[in-house]
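coords.cif (mmCIF, C-alpha atoms and all ligand atoms) appears below.
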data_structure
loop_
_atom_site.label_atom_id
_atom_site.label_comp_id
_atom_site.auth_asym_id
_atom_site.auth_seq_id
_atom_site.Cartn_x
_atom_site.Cartn_y
_atom_site.Cartn_z
CA MET A 524 5.44 -28.90 -51.60
CA PRO A 525 5.51 -25.28 -50.41
CA ASP A 526 8.87 -23.56 -50.16
CA ARG A 527 10.01 -22.26 -46.83
CA LEU A 528 11.01 -18.63 -46.64
CA LYS A 529 14.46 -19.55 -45.34
CA ASP A 530 15.14 -21.61 -48.51
CA MET A 531 13.98 -18.96 -50.99
CA PRO A 532 16.79 -17.16 -52.87
CA ASP A 533 14.54 -14.23 -53.79
CA PRO A 534 11.52 -14.14 -51.45
CA PRO A 535 8.55 -11.87 -52.14
CA ALA A 536 8.48 -8.65 -50.10
CA GLY A 537 5.17 -9.63 -48.47
CA LEU A 538 6.69 -12.76 -46.95
CA LEU A 539 9.69 -10.83 -45.61
CA ASP A 540 7.35 -8.26 -44.11
CA LEU A 541 5.24 -10.95 -42.40
CA SER A 542 8.38 -12.66 -41.14
CA GLU A 543 9.51 -9.39 -39.56
CA LYS A 544 6.14 -8.85 -37.90
CA LEU A 545 5.97 -12.42 -36.56
CA SER A 546 9.54 -12.22 -35.25
CA HIS A 547 8.78 -9.07 -33.27
CA ALA A 548 5.48 -10.30 -31.83
CA ASP A 549 5.47 -11.37 -28.18
CA GLY A 550 2.45 -13.57 -28.88
CA ILE A 551 0.34 -14.75 -31.81
CA VAL A 552 -3.27 -15.93 -32.21
CA PHE A 553 -4.22 -18.48 -34.86
CA VAL A 554 -7.83 -17.96 -36.05
CA SER A 555 -9.68 -20.36 -38.35
CA PRO A 556 -13.12 -21.56 -39.32
CA GLU A 557 -13.62 -25.32 -39.21
CA TYR A 558 -13.57 -27.07 -42.57
CA ASN A 559 -14.07 -30.84 -42.69
CA ASN A 560 -13.05 -31.22 -39.03
CA SER A 561 -9.84 -29.24 -39.49
CA TYR A 562 -8.44 -25.72 -39.80
CA SER A 563 -8.26 -23.80 -43.07
CA GLY A 564 -5.73 -24.59 -45.79
CA ALA A 565 -4.83 -20.89 -45.88
CA LEU A 566 -3.64 -21.03 -42.25
CA LYS A 567 -1.56 -24.15 -42.89
CA ASN A 568 -0.04 -22.65 -46.03
CA THR A 569 0.99 -19.54 -44.08
CA VAL A 570 2.40 -21.58 -41.21
CA ASP A 571 4.51 -23.71 -43.54
CA TYR A 572 6.42 -20.73 -44.95
CA PHE A 573 8.03 -19.95 -41.59
CA THR A 574 10.22 -21.77 -39.08
CA LYS A 575 12.17 -19.75 -36.50
CA GLU A 576 9.37 -17.17 -36.43
CA TRP A 577 7.14 -19.62 -34.48
CA ALA A 578 9.76 -21.09 -32.17
CA ARG A 579 9.19 -20.49 -28.41
CA LYS A 580 6.33 -18.15 -29.27
CA PRO A 581 3.12 -18.21 -27.20
CA ILE A 582 0.26 -18.95 -29.60
CA GLY A 583 -3.46 -18.82 -28.78
CA VAL A 584 -6.19 -20.55 -30.75
CA VAL A 585 -9.57 -19.20 -31.94
CA ALA A 586 -11.93 -21.37 -34.00
CA GLY A 587 -15.46 -20.92 -35.24
CA SER A 588 -18.14 -22.72 -37.19
CA SER A 589 -21.74 -22.45 -38.21
CA GLY A 590 -22.58 -25.44 -35.97
CA ILE A 591 -22.93 -25.64 -32.21
CA GLN A 592 -19.46 -27.09 -31.53
CA GLY A 593 -17.66 -23.87 -32.46
CA GLY A 594 -14.81 -25.48 -34.39
CA ILE A 595 -13.61 -27.75 -31.56
CA ASN A 596 -11.96 -30.21 -33.97
CA ALA A 597 -10.10 -27.43 -35.78
CA SER A 598 -8.98 -25.99 -32.45
CA ASN A 599 -7.57 -29.31 -31.22
CA LEU A 600 -5.62 -29.74 -34.46
CA MET A 601 -4.35 -26.15 -34.27
CA GLN A 602 -2.91 -26.88 -30.83
CA LEU A 603 -1.10 -29.93 -32.26
CA LEU A 604 0.15 -27.79 -35.16
CA ILE A 605 1.59 -25.29 -32.68
CA LEU A 606 3.52 -28.06 -30.91
CA ALA A 607 4.87 -29.24 -34.28
CA ILE A 608 6.32 -25.80 -35.04
CA ASN A 609 7.94 -25.48 -31.58
CA GLY A 610 5.46 -22.86 -30.37
CA TYR A 611 3.92 -22.73 -26.92
CA ALA A 612 0.26 -23.68 -27.33
CA MET A 613 -1.94 -21.77 -24.90
CA HIS A 614 -4.25 -23.86 -22.70
CA THR A 615 -7.38 -21.65 -23.00
CA LYS A 616 -8.91 -21.41 -26.46
CA LEU A 617 -11.84 -19.46 -27.83
CA LEU A 618 -14.58 -21.32 -29.70
CA VAL A 619 -17.29 -19.40 -31.55
CA PRO A 620 -20.37 -21.54 -32.35
CA GLU A 621 -23.18 -20.50 -34.71
CA LEU A 622 -20.95 -17.88 -36.32
CA GLU A 623 -23.74 -16.23 -38.34
CA LYS A 624 -25.67 -15.21 -35.24
CA SER A 625 -22.95 -15.06 -32.55
CA LEU A 626 -21.17 -12.00 -33.97
CA ASP A 627 -22.53 -9.01 -35.85
CA GLU A 628 -20.82 -7.57 -38.94
CA ASN A 629 -18.43 -5.57 -36.72
CA GLY A 630 -17.41 -8.63 -34.70
CA VAL A 631 -19.42 -7.62 -31.65
CA PRO A 632 -20.58 -10.65 -29.63
CA GLN A 633 -24.34 -11.14 -29.65
CA ASN A 634 -24.70 -13.11 -26.43
CA GLU A 635 -23.43 -12.86 -22.86
CA ARG A 636 -21.69 -16.24 -22.85
CA LEU A 637 -19.53 -15.44 -25.88
CA ALA A 638 -18.69 -12.00 -24.48
CA LYS A 639 -17.48 -13.64 -21.24
CA ASN A 640 -15.47 -16.26 -23.15
CA ILE A 641 -13.77 -13.55 -25.23
CA THR A 642 -12.77 -11.66 -22.07
CA LYS A 643 -11.43 -14.84 -20.45
CA PHE A 644 -9.47 -15.74 -23.57
CA ALA A 645 -7.99 -12.23 -23.86
CA ASP A 646 -7.05 -12.13 -20.15
CA ASP A 647 -5.38 -15.56 -20.30
CA PHE A 648 -3.60 -14.70 -23.55
CA LEU A 649 -2.13 -11.53 -22.05
CA TRP A 650 -1.05 -13.37 -18.88
CA PHE A 651 0.56 -16.22 -20.86
CA THR A 652 2.29 -13.90 -23.34
CA GLU A 653 3.59 -11.53 -20.67
CA ALA A 654 4.91 -14.40 -18.52
CA ILE A 655 6.94 -15.78 -21.44
CA ALA A 656 8.07 -12.33 -22.64
CA ASN A 657 9.29 -11.48 -19.11
CA GLN A 658 11.19 -14.77 -18.85
CA LYS A 659 12.86 -14.17 -22.23
CA LYS A 660 13.84 -10.69 -21.09
CA GLN A 661 15.33 -12.09 -17.91
CA ASP A 662 17.22 -14.76 -19.88
CA ALA A 663 18.65 -12.04 -22.17
CA GLU A 664 19.74 -9.93 -19.17
CA ASN A 665 21.37 -12.93 -17.49
CA ALA A 666 23.18 -13.83 -20.74
CA GLY A 667 24.42 -10.30 -21.37
C1 LIG B 1 -16.10 -27.14 -47.09
C2 LIG B 1 -16.69 -26.84 -45.76
C3 LIG B 1 -16.50 -27.72 -44.73
C4 LIG B 1 -17.05 -27.47 -43.48
N1 LIG B 1 -16.81 -28.34 -42.47
C5 LIG B 1 -17.29 -28.08 -41.24
C6 LIG B 1 -17.00 -28.97 -40.16
O1 LIG B 1 -16.32 -29.96 -40.30
N2 LIG B 1 -17.50 -28.67 -38.93
C7 LIG B 1 -18.27 -27.54 -38.73
O2 LIG B 1 -18.71 -27.33 -37.59
N3 LIG B 1 -18.53 -26.67 -39.72
C8 LIG B 1 -18.07 -26.92 -40.97
N4 LIG B 1 -18.33 -26.04 -41.99
C9 LIG B 1 -19.06 -24.80 -41.69
C10 LIG B 1 -18.07 -23.64 -41.52
O3 LIG B 1 -17.34 -23.76 -40.33
C11 LIG B 1 -18.84 -22.32 -41.54
O4 LIG B 1 -19.49 -22.21 -42.78
C12 LIG B 1 -17.95 -21.14 -41.34
O5 LIG B 1 -18.77 -20.00 -41.24
C13 LIG B 1 -16.97 -20.99 -42.51
O6 LIG B 1 -16.33 -19.74 -42.52
P1 LIG B 1 -16.29 -18.89 -43.88
O7 LIG B 1 -17.72 -18.47 -44.08
O8 LIG B 1 -15.35 -17.80 -43.56
O9 LIG B 1 -15.82 -19.80 -44.97
C14 LIG B 1 -17.82 -26.28 -43.26
C15 LIG B 1 -18.01 -25.40 -44.32
C16 LIG B 1 -17.45 -25.65 -45.55
C17 LIG B 1 -17.67 -24.68 -46.67
#

Can the structure in the file be given as structure tokens, please?
Ligand SMILES: Cc1cc2nc3c(=O)[nH]c(=O)nc-3n(C[C@H](O)[C@H](O)[C@H](O)COP(=O)(O)O)c2cc1C
Amino acid sequence: MPDRLKDMPDPPAGLLDLSEKLSHADGIVFVSPEYNNSYSGALKNTVDYFTKEWARKPIGVVAGSSGIQGGINASNLMQLLILAINGYAMHTKLLVPELEKSLDENGVPQNERLAKNITKFADDFLWFTEAIANQKKQDAENAG
């Protein structure tokens, strides 16, 4: 069973650094290839180290695969994972099918449809993140 950062008496510096970065982020995007109808073990391992860092945080989902479904199964499970860690799962997600030919080595989309989907995802992510960040700011002002 993985330890949680909050239970570690002497946590590694890298985990503390990531905790700090996550805590200060207004929004987060989970990105994973699809493996056996799910997201990567590396993502889950990272998620399990943290607790309060995810809470009430807007989190978007990006999945990809070599097949034509673009990691749809992984993306659905990532949204459930986000609910389990008390994050706010964003409604729009970005799926990248046929990974080998959809993006070049610099991550540039190789077809019009993917380019449009990336723009829509980015626009929705900014809207969602800003809406929640503004509400948190207002809550803090009202409390203080
Ligand atoms: C063990 C394994 C399981 C996979 N399972 C799926 C799957 O369930 N659905 C799918 O669409 N692609 C599946 N793929 C294809 C991957 O999504 C694809 O190879 C992707 O590019 C993997 O990213 P990577 O090259 O960074 O490992 C699988 C690949 C591997 C190696």

Just want the residues within 9 Å of ligand LIG 1 (chain B), written as number ranges by chain, counting all atoms listed in the file. A: 555-563, 586-597, 620-623

Put those residues in a file: C-alpha atoms, as an mmCIF file, keeping the file's coordinate frame.
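And here's selection.cif as it stands now:
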data_model
loop_
_atom_site.group_PDB
_atom_site.id
_atom_site.type_symbol
_atom_site.label_atom_id
_atom_site.label_comp_id
_atom_site.auth_asym_id
_atom_site.auth_seq_id
_atom_site.Cartn_x
_atom_site.Cartn_y
_atom_site.Cartn_z
ATOM 1 C CA SER A 555 -9.680 -20.360 -38.350
ATOM 2 C CA PRO A 556 -13.120 -21.560 -39.320
ATOM 3 C CA GLU A 557 -13.620 -25.320 -39.210
ATOM 4 C CA TYR A 558 -13.570 -27.070 -42.570
ATOM 5 C CA ASN A 559 -14.070 -30.840 -42.690
ATOM 6 C CA ASN A 560 -13.050 -31.220 -39.030
ATOM 7 C CA SER A 561 -9.840 -29.240 -39.490
ATOM 8 C CA TYR A 562 -8.440 -25.720 -39.800
ATOM 9 C CA SER A 563 -8.260 -23.800 -43.070
ATOM 10 C CA ALA A 586 -11.930 -21.370 -34.000
ATOM 11 C CA GLY A 587 -15.460 -20.920 -35.240
ATOM 12 C CA SER A 588 -18.140 -22.720 -37.190
ATOM 13 C CA SER A 589 -21.740 -22.450 -38.210
ATOM 14 C CA GLY A 590 -22.580 -25.440 -35.970
ATOM 15 C CA ILE A 591 -22.930 -25.640 -32.210
ATOM 16 C CA GLN A 592 -19.460 -27.090 -31.530
ATOM 17 C CA GLY A 593 -17.660 -23.870 -32.460
ATOM 18 C CA GLY A 594 -14.810 -25.480 -34.390
ATOM 19 C CA ILE A 595 -13.610 -27.750 -31.560
ATOM 20 C CA ASN A 596 -11.960 -30.210 -33.970
ATOM 21 C CA ALA A 597 -10.100 -27.430 -35.780
ATOM 22 C CA PRO A 620 -20.370 -21.540 -32.350
ATOM 23 C CA GLU A 621 -23.180 -20.500 -34.710
ATOM 24 C CA LEU A 622 -20.950 -17.880 -36.320
ATOM 25 C CA GLU A 623 -23.740 -16.230 -38.340
#

Between atom CA of A:Leu539 and atom CA of A:Phe553, distance in Å (one decimal):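 Separation between atom CA of A:Leu539 and atom CA of A:Phe553: 19.2 Å.
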
So how many Å separate atom CA of A:Gly564 and atom CA of A:Arg579, to one decimal? 23.3 Å

Could you list as an MDAnalysis selection string every residue that has an atom within 9 Å of (9.6, -11.8, -25.3), using the file's coordinates and counting all atoms listed in the file? chainID A and resid 547:550 580 652:660

Provide the atom CA of A:Leu538 to atom CA of A:Leu600 distance in Å, to one decimal place. 24.4 Å

Residues at most 10 Å from stretch 640-642 of chain A, counting all atoms listed in the file, excluding those fewer than 2 positions away in the same chain, as a PDB file with C-alpha atoms, in the frame of the given file?
ATOM      1  CA  VAL A 585      -9.570 -19.200 -31.940  1.00  0.00           C
ATOM      2  CA  THR A 615      -7.380 -21.650 -23.000  1.00  0.00           C
ATOM      3  CA  LYS A 616      -8.910 -21.410 -26.460  1.00  0.00           C
ATOM      4  CA  LEU A 617     -11.840 -19.460 -27.830  1.00  0.00           C
ATOM      5  CA  LEU A 618     -14.580 -21.320 -29.700  1.00  0.00           C
ATOM      6  CA  VAL A 619     -17.290 -19.400 -31.550  1.00  0.00           C
ATOM      7  CA  PRO A 632     -20.580 -10.650 -29.630  1.00  0.00           C
ATOM      8  CA  GLU A 635     -23.430 -12.860 -22.860  1.00  0.00           C
ATOM      9  CA  ARG A 636     -21.690 -16.240 -22.850  1.00  0.00           C
ATOM     10  CA  LEU A 637     -19.530 -15.440 -25.880  1.00  0.00           C
ATOM     11  CA  ALA A 638     -18.690 -12.000 -24.480  1.00  0.00           C
ATOM     12  CA  PHE A 644      -9.470 -15.740 -23.570  1.00  0.00           C
ATOM     13  CA  ALA A 645      -7.990 -12.230 -23.860  1.00  0.00           C
ATOM     14  CA  ASP A 646      -7.050 -12.130 -20.150  1.00  0.00           C
ATOM     15  CA  ASP A 647      -5.380 -15.560 -20.300  1.00  0.00           C
ATOM     16  CA  PHE A 648      -3.600 -14.700 -23.550  1.00  0.00           C
TER      17      PHE A 648
END

Among the residues A:Gly537, A:Gly610, A:Pro532, A:Gly667, the one that comes closest to A:Val584 [using only C-alpha atoms]: A:Gly610

Distance query A:Gln602 at most 9 Å, all atoms listed in the file, self and fewer than 4 positions along chain excluded, as a ChimeraX atom specification: /A:582-584,597-598,606-607,611-614

Reconstruct all heavy atoms of stretch 576-587 of chain A; output as a short mmCIF file (atom, residue, chain, number, x, y, z; two decimals), keeping the file's coordinate frame.
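So part.cif came out as:
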data_model
loop_
_atom_site.label_atom_id
_atom_site.label_comp_id
_atom_site.auth_asym_id
_atom_site.auth_seq_id
_atom_site.Cartn_x
_atom_site.Cartn_y
_atom_site.Cartn_z
N GLU A 576 10.35 -18.19 -36.85
CA GLU A 576 9.37 -17.17 -36.43
C GLU A 576 8.40 -17.71 -35.38
O GLU A 576 7.89 -16.97 -34.55
CB GLU A 576 8.56 -16.66 -37.64
CG GLU A 576 9.34 -15.81 -38.62
CD GLU A 576 10.12 -16.62 -39.65
OE1 GLU A 576 10.25 -17.84 -39.50
OE2 GLU A 576 10.61 -16.03 -40.64
N TRP A 577 8.12 -19.04 -35.42
CA TRP A 577 7.14 -19.62 -34.48
C TRP A 577 7.81 -20.12 -33.20
O TRP A 577 7.12 -20.35 -32.19
CB TRP A 577 6.42 -20.82 -35.12
CG TRP A 577 5.80 -20.60 -36.46
CD1 TRP A 577 6.06 -21.31 -37.60
CD2 TRP A 577 4.79 -19.64 -36.83
NE1 TRP A 577 5.29 -20.84 -38.64
CE2 TRP A 577 4.50 -19.82 -38.19
CE3 TRP A 577 4.12 -18.63 -36.12
CZ2 TRP A 577 3.57 -19.04 -38.87
CZ3 TRP A 577 3.19 -17.86 -36.80
CH2 TRP A 577 2.92 -18.08 -38.15
N ALA A 578 9.10 -20.36 -33.26
CA ALA A 578 9.76 -21.09 -32.17
C ALA A 578 9.68 -20.34 -30.84
O ALA A 578 9.97 -19.16 -30.77
CB ALA A 578 11.21 -21.36 -32.54
N ARG A 579 9.29 -21.02 -29.79
CA ARG A 579 9.19 -20.49 -28.41
C ARG A 579 8.25 -19.29 -28.34
O ARG A 579 8.42 -18.41 -27.50
CB ARG A 579 10.58 -20.16 -27.86
CG ARG A 579 11.53 -21.36 -27.89
CD ARG A 579 12.87 -21.04 -27.28
NE ARG A 579 12.75 -20.90 -25.85
CZ ARG A 579 13.39 -19.96 -25.15
NH1 ARG A 579 14.16 -19.09 -25.75
NH2 ARG A 579 13.24 -19.88 -23.85
N LYS A 580 7.28 -19.27 -29.23
CA LYS A 580 6.33 -18.15 -29.27
C LYS A 580 5.01 -18.61 -28.66
O LYS A 580 4.50 -19.66 -29.05
CB LYS A 580 6.13 -17.77 -30.73
CG LYS A 580 5.47 -16.46 -30.98
CD LYS A 580 6.40 -15.29 -30.83
CE LYS A 580 7.34 -15.09 -31.99
NZ LYS A 580 8.13 -13.89 -31.92
N PRO A 581 4.46 -17.85 -27.70
CA PRO A 581 3.12 -18.21 -27.20
C PRO A 581 2.07 -18.00 -28.29
O PRO A 581 2.02 -16.93 -28.90
CB PRO A 581 2.89 -17.24 -26.04
CG PRO A 581 3.99 -16.27 -26.05
CD PRO A 581 5.03 -16.67 -27.04
N ILE A 582 1.26 -19.03 -28.52
CA ILE A 582 0.26 -18.95 -29.60
C ILE A 582 -1.11 -19.39 -29.06
O ILE A 582 -1.25 -20.51 -28.54
CB ILE A 582 0.67 -19.81 -30.81
CG1 ILE A 582 2.07 -19.42 -31.31
CG2 ILE A 582 -0.35 -19.64 -31.95
CD1 ILE A 582 2.61 -20.26 -32.48
N GLY A 583 -2.09 -18.51 -29.17
CA GLY A 583 -3.46 -18.82 -28.78
C GLY A 583 -4.26 -19.31 -29.98
O GLY A 583 -3.85 -19.10 -31.13
N VAL A 584 -5.38 -19.95 -29.69
CA VAL A 584 -6.19 -20.55 -30.75
C VAL A 584 -7.64 -20.05 -30.67
O VAL A 584 -8.25 -20.08 -29.60
CB VAL A 584 -6.17 -22.10 -30.61
CG1 VAL A 584 -7.31 -22.74 -31.36
CG2 VAL A 584 -4.83 -22.66 -31.07
N VAL A 585 -8.16 -19.58 -31.82
CA VAL A 585 -9.57 -19.20 -31.94
C VAL A 585 -10.15 -19.96 -33.13
O VAL A 585 -9.56 -19.95 -34.21
CB VAL A 585 -9.75 -17.69 -32.18
CG1 VAL A 585 -11.23 -17.34 -32.38
CG2 VAL A 585 -9.17 -16.88 -31.02
N ALA A 586 -11.27 -20.66 -32.90
CA ALA A 586 -11.93 -21.37 -34.00
C ALA A 586 -13.41 -21.05 -33.99
O ALA A 586 -13.97 -20.70 -32.95
CB ALA A 586 -11.72 -22.88 -33.87
N GLY A 587 -14.02 -21.17 -35.16
CA GLY A 587 -15.46 -20.92 -35.24
C GLY A 587 -16.09 -21.78 -36.31
O GLY A 587 -15.42 -22.28 -37.21
#
